[in-house]
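Novice: Mind looking over this structure? Questions follow.
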Amino acid sequence: MPSFSEIGQLANLASKNAVFKLVGRLERLGVLMRDEKGRLIPLGPMSDEKMAYGKKPVKVLGTVEAGFPSPAEEELSGNLSLDELLIQNREATFLLKVSGDSMSGAGILPGDMVIVDRGLAPKSGDIVIAQVDGDWTMKYLRKRGSDVQLIPANPAYKPIRPKSELKIAGVVTAVVRKYR
């Protein structure tokens with residue numbers, strides 16, 4: 001990390017007090033922190049959301065047993081930015097709201113949001129957003145030689161074979177479901 005003097009030069013600030021205030025703001029935004037010796041440590045890229053709203057990463061408090069109950073201890077095991085966890089390539093990523101239940105067997109339900117990365121090369125087994133013969137859908141991509149199919153995750157639906165055209169818009173990388 002640059003020194004306070006170098007930060008002043010980079011930010012075009014003449015006053016060390018102004019640099020101190022800038023660093024303090026970046027700390028409150030969760031972009032920087034200081035180690036035990038006071039040195040600055042970057043915590044990750046500053047997103048538009050952090051800049052605009054001052055949002056900090058969410059605290060990770062440990063794990064929870066989803067099987068048989070067990071004693072739980074709350075311990076801070078770090079901070080986590082959901083953007084950093086779910087989005088690898090911000091410029092190539094978009095969200096879509098799900099309608100329909102053809103992917104329910106994959107845990108993707110109506111009302112969910114899917115995070116789609118159009119920068120990833122789709123491979124067999126990926127869940128993709130595809131335009132098939134002019135219509136849009138979300139299905140598993142299955143490639144076997146020159147045969148390409150789009151496979152639903154619900155037995156009530158049949159696999160789709162493109163008749164004339166298949167365009168893959170992106171690969172689904174995550175599902176977001178809000179309960180309340």
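Chain lettering (A, B, ...) mirrors the order of the structure tokens, residue numbering begins at 1 for each chain separately, and ligand numbering begins at 1 in order of display.
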I'd like the neighbourhood of stretch 123-125 of chain A as a list in words, where a residue qualifies if any of its atoms comes within 7 Å (using only C-alpha atoms), though same-chain residues fewer than 6 positions away should be ignored.

Specialist: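 In the requested form, the answer reads Tyr140, Leu141, Arg142 and Lys143 of chain A.
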
Novice: Taking the backbone alone, and naming residues the way the document does, which bits of stretch 5-46 of chain A are alpha helix (DSSP H) by DSSP, as JSON, numbers by chain?

Specialist: {"A": [5, 6, 7, 8, 9, 10, 16, 17, 18, 19, 20, 21, 22, 23, 24, 25, 26, 27, 28]}

Novice: Filtering to N, CA and C atoms, could you give me those residues as an mmCIF file, in the first residue's frame?

Specialist:
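Contents of out23.cif, as written:
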```cif
data_model
loop_
_atom_site.group_PDB
_atom_site.id
_atom_site.type_symbol
_atom_site.label_atom_id
_atom_site.label_comp_id
_atom_site.auth_asym_id
_atom_site.auth_seq_id
_atom_site.Cartn_x
_atom_site.Cartn_y
_atom_site.Cartn_z
ATOM 1 N N SER A 5 1.778 10.006 2.409
ATOM 2 C CA SER A 5 2.268 11.035 1.480
ATOM 3 C C SER A 5 1.956 10.645 0.039
ATOM 4 N N GLU A 6 2.175 9.378 -0.294
ATOM 5 C CA GLU A 6 1.891 8.908 -1.659
ATOM 6 C C GLU A 6 0.392 8.945 -1.947
ATOM 7 N N ILE A 7 -0.426 8.617 -0.948
ATOM 8 C CA ILE A 7 -1.887 8.709 -1.130
ATOM 9 C C ILE A 7 -2.274 10.154 -1.396
ATOM 10 N N GLY A 8 -1.656 11.093 -0.666
ATOM 11 C CA GLY A 8 -1.916 12.510 -0.885
ATOM 12 C C GLY A 8 -1.585 12.924 -2.307
ATOM 13 N N GLN A 9 -0.458 12.447 -2.816
ATOM 14 C CA GLN A 9 -0.079 12.772 -4.194
ATOM 15 C C GLN A 9 -1.058 12.149 -5.190
ATOM 16 N N LEU A 10 -1.413 10.881 -4.967
ATOM 17 C CA LEU A 10 -2.327 10.186 -5.883
ATOM 18 C C LEU A 10 -3.713 10.826 -5.891
ATOM 19 N N LYS A 16 -2.052 16.645 5.041
ATOM 20 C CA LYS A 16 -1.997 15.297 5.622
ATOM 21 C C LYS A 16 -3.284 14.985 6.381
ATOM 22 N N ASN A 17 -3.939 16.014 6.918
ATOM 23 C CA ASN A 17 -5.207 15.826 7.606
ATOM 24 C C ASN A 17 -6.274 15.337 6.614
ATOM 25 N N ALA A 18 -6.278 15.873 5.406
ATOM 26 C CA ALA A 18 -7.237 15.436 4.383
ATOM 27 C C ALA A 18 -6.983 13.977 4.008
ATOM 28 N N VAL A 19 -5.717 13.600 3.925
ATOM 29 C CA VAL A 19 -5.372 12.201 3.626
ATOM 30 C C VAL A 19 -5.836 11.307 4.767
ATOM 31 N N PHE A 20 -5.611 11.749 6.011
ATOM 32 C CA PHE A 20 -6.039 10.990 7.184
ATOM 33 C C PHE A 20 -7.554 10.755 7.145
ATOM 34 N N LYS A 21 -8.326 11.801 6.805
ATOM 35 C CA LYS A 21 -9.781 11.679 6.717
ATOM 36 C C LYS A 21 -10.191 10.728 5.581
ATOM 37 N N LEU A 22 -9.495 10.802 4.446
ATOM 38 C CA LEU A 22 -9.781 9.906 3.324
ATOM 39 C C LEU A 22 -9.533 8.450 3.723
ATOM 40 N N VAL A 23 -8.424 8.188 4.364
ATOM 41 C CA VAL A 23 -8.102 6.823 4.797
ATOM 42 C C VAL A 23 -9.144 6.342 5.812
ATOM 43 N N GLY A 24 -9.548 7.219 6.725
ATOM 44 C CA GLY A 24 -10.584 6.852 7.698
ATOM 45 C C GLY A 24 -11.883 6.472 7.014
ATOM 46 N N ARG A 25 -12.260 7.234 5.995
ATOM 47 C CA ARG A 25 -13.493 6.921 5.242
ATOM 48 C C ARG A 25 -13.366 5.575 4.532
ATOM 49 N N LEU A 26 -12.207 5.322 3.939
ATOM 50 C CA LEU A 26 -11.991 4.036 3.253
ATOM 51 C C LEU A 26 -12.034 2.870 4.245
ATOM 52 N N GLU A 27 -11.569 3.115 5.474
ATOM 53 C CA GLU A 27 -11.669 2.084 6.515
ATOM 54 C C GLU A 27 -13.132 1.822 6.873
ATOM 55 N N ARG A 28 -13.911 2.901 7.054
ATOM 56 C CA ARG A 28 -15.336 2.744 7.393
ATOM 57 C C ARG A 28 -16.106 2.048 6.266
#
```

Novice: Which residues, written as a list in words, have at least one atom at most 6 Å from stretch 171-180 of chain A, with only C-alpha atoms counted and residues fewer than 2 positions away on the same chain left out?

Specialist: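 What passes the distance filter is Asp112, Met113, Val114, Ile115, Val116, Asp117, Ile127 and Val128 of chain A.
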
Novice: Hey, can you spit out that residue selection with C-alpha atoms as a compact mmCIF listing (two decimals), in the first residue's frame?

Specialist:
```txt
# COMPACT_ATOMS: atom_id res chain seq x y z
CA ASP A 112 -35.29 -16.74 -7.44
CA MET A 113 -32.62 -14.57 -9.00
CA VAL A 114 -29.83 -16.22 -10.98
CA ILE A 115 -26.41 -14.68 -11.45
CA VAL A 116 -25.22 -15.20 -15.00
CA ASP A 117 -21.69 -14.75 -16.34
CA ILE A 127 -26.76 -24.44 -16.35
CA VAL A 128 -27.03 -21.91 -19.16
```

Novice: Within 8 Å of A:Gly119, counting only C-alpha atoms, which residues qualify if same-chain residues fewer than 3 places away don't, as an mmCIF file with C-alpha atoms, in the first residue's frame?

Specialist:
```
data_model
loop_
_atom_site.group_PDB
_atom_site.id
_atom_site.type_symbol
_atom_site.label_atom_id
_atom_site.label_comp_id
_atom_site.auth_asym_id
_atom_site.auth_seq_id
_atom_site.Cartn_x
_atom_site.Cartn_y
_atom_site.Cartn_z
ATOM 1 C CA ASN A 89 -16.337 -10.834 -13.578
ATOM 2 C CA ALA A 92 -19.753 -9.751 -17.819
ATOM 3 C CA THR A 93 -22.276 -10.548 -15.071
ATOM 4 C CA GLY A 170 -24.213 -17.029 -20.317
#
```

Novice: Hey, what's within 10 Å of A:Ala106 if we count only C-alpha atoms and toss same-chain stuff fewer than 5 positions away? As a ChimeraX atom specification, please?

Specialist: /A:101,127,139-140,152-154

Novice: Would you give me, as a PyMOL selection string, the residues in chain A that DSSP reads as strand (DSSP E or B)?

Specialist: chain A and resi 32-34+40-42+58-59+79-80+93-97+113-117+127-132+135-144+147-151+160+166-176

Novice: Quick one: distance from atom CA of A:Pro155 to atom CA of A:Val132 in Å, one decimal?

Specialist: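 Those two atoms sit 19.7 Å apart.
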
Novice: Mind pulling up the distance from atom CA of A:Gly100 to atom CA of A:Ser146?

Specialist: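 Spanning atom CA of A:Ser146 to atom CA of A:Gly100 is a straight-line distance of 28.7 Å.
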
Novice: May I ask for the distance between atom CA of A:Gln149 and atom CA of A:Arg161, given in Å to one decimal place?

Specialist: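 Going from atom CA of A:Gln149 over to atom CA of A:Arg161, I get 4.8 Å.
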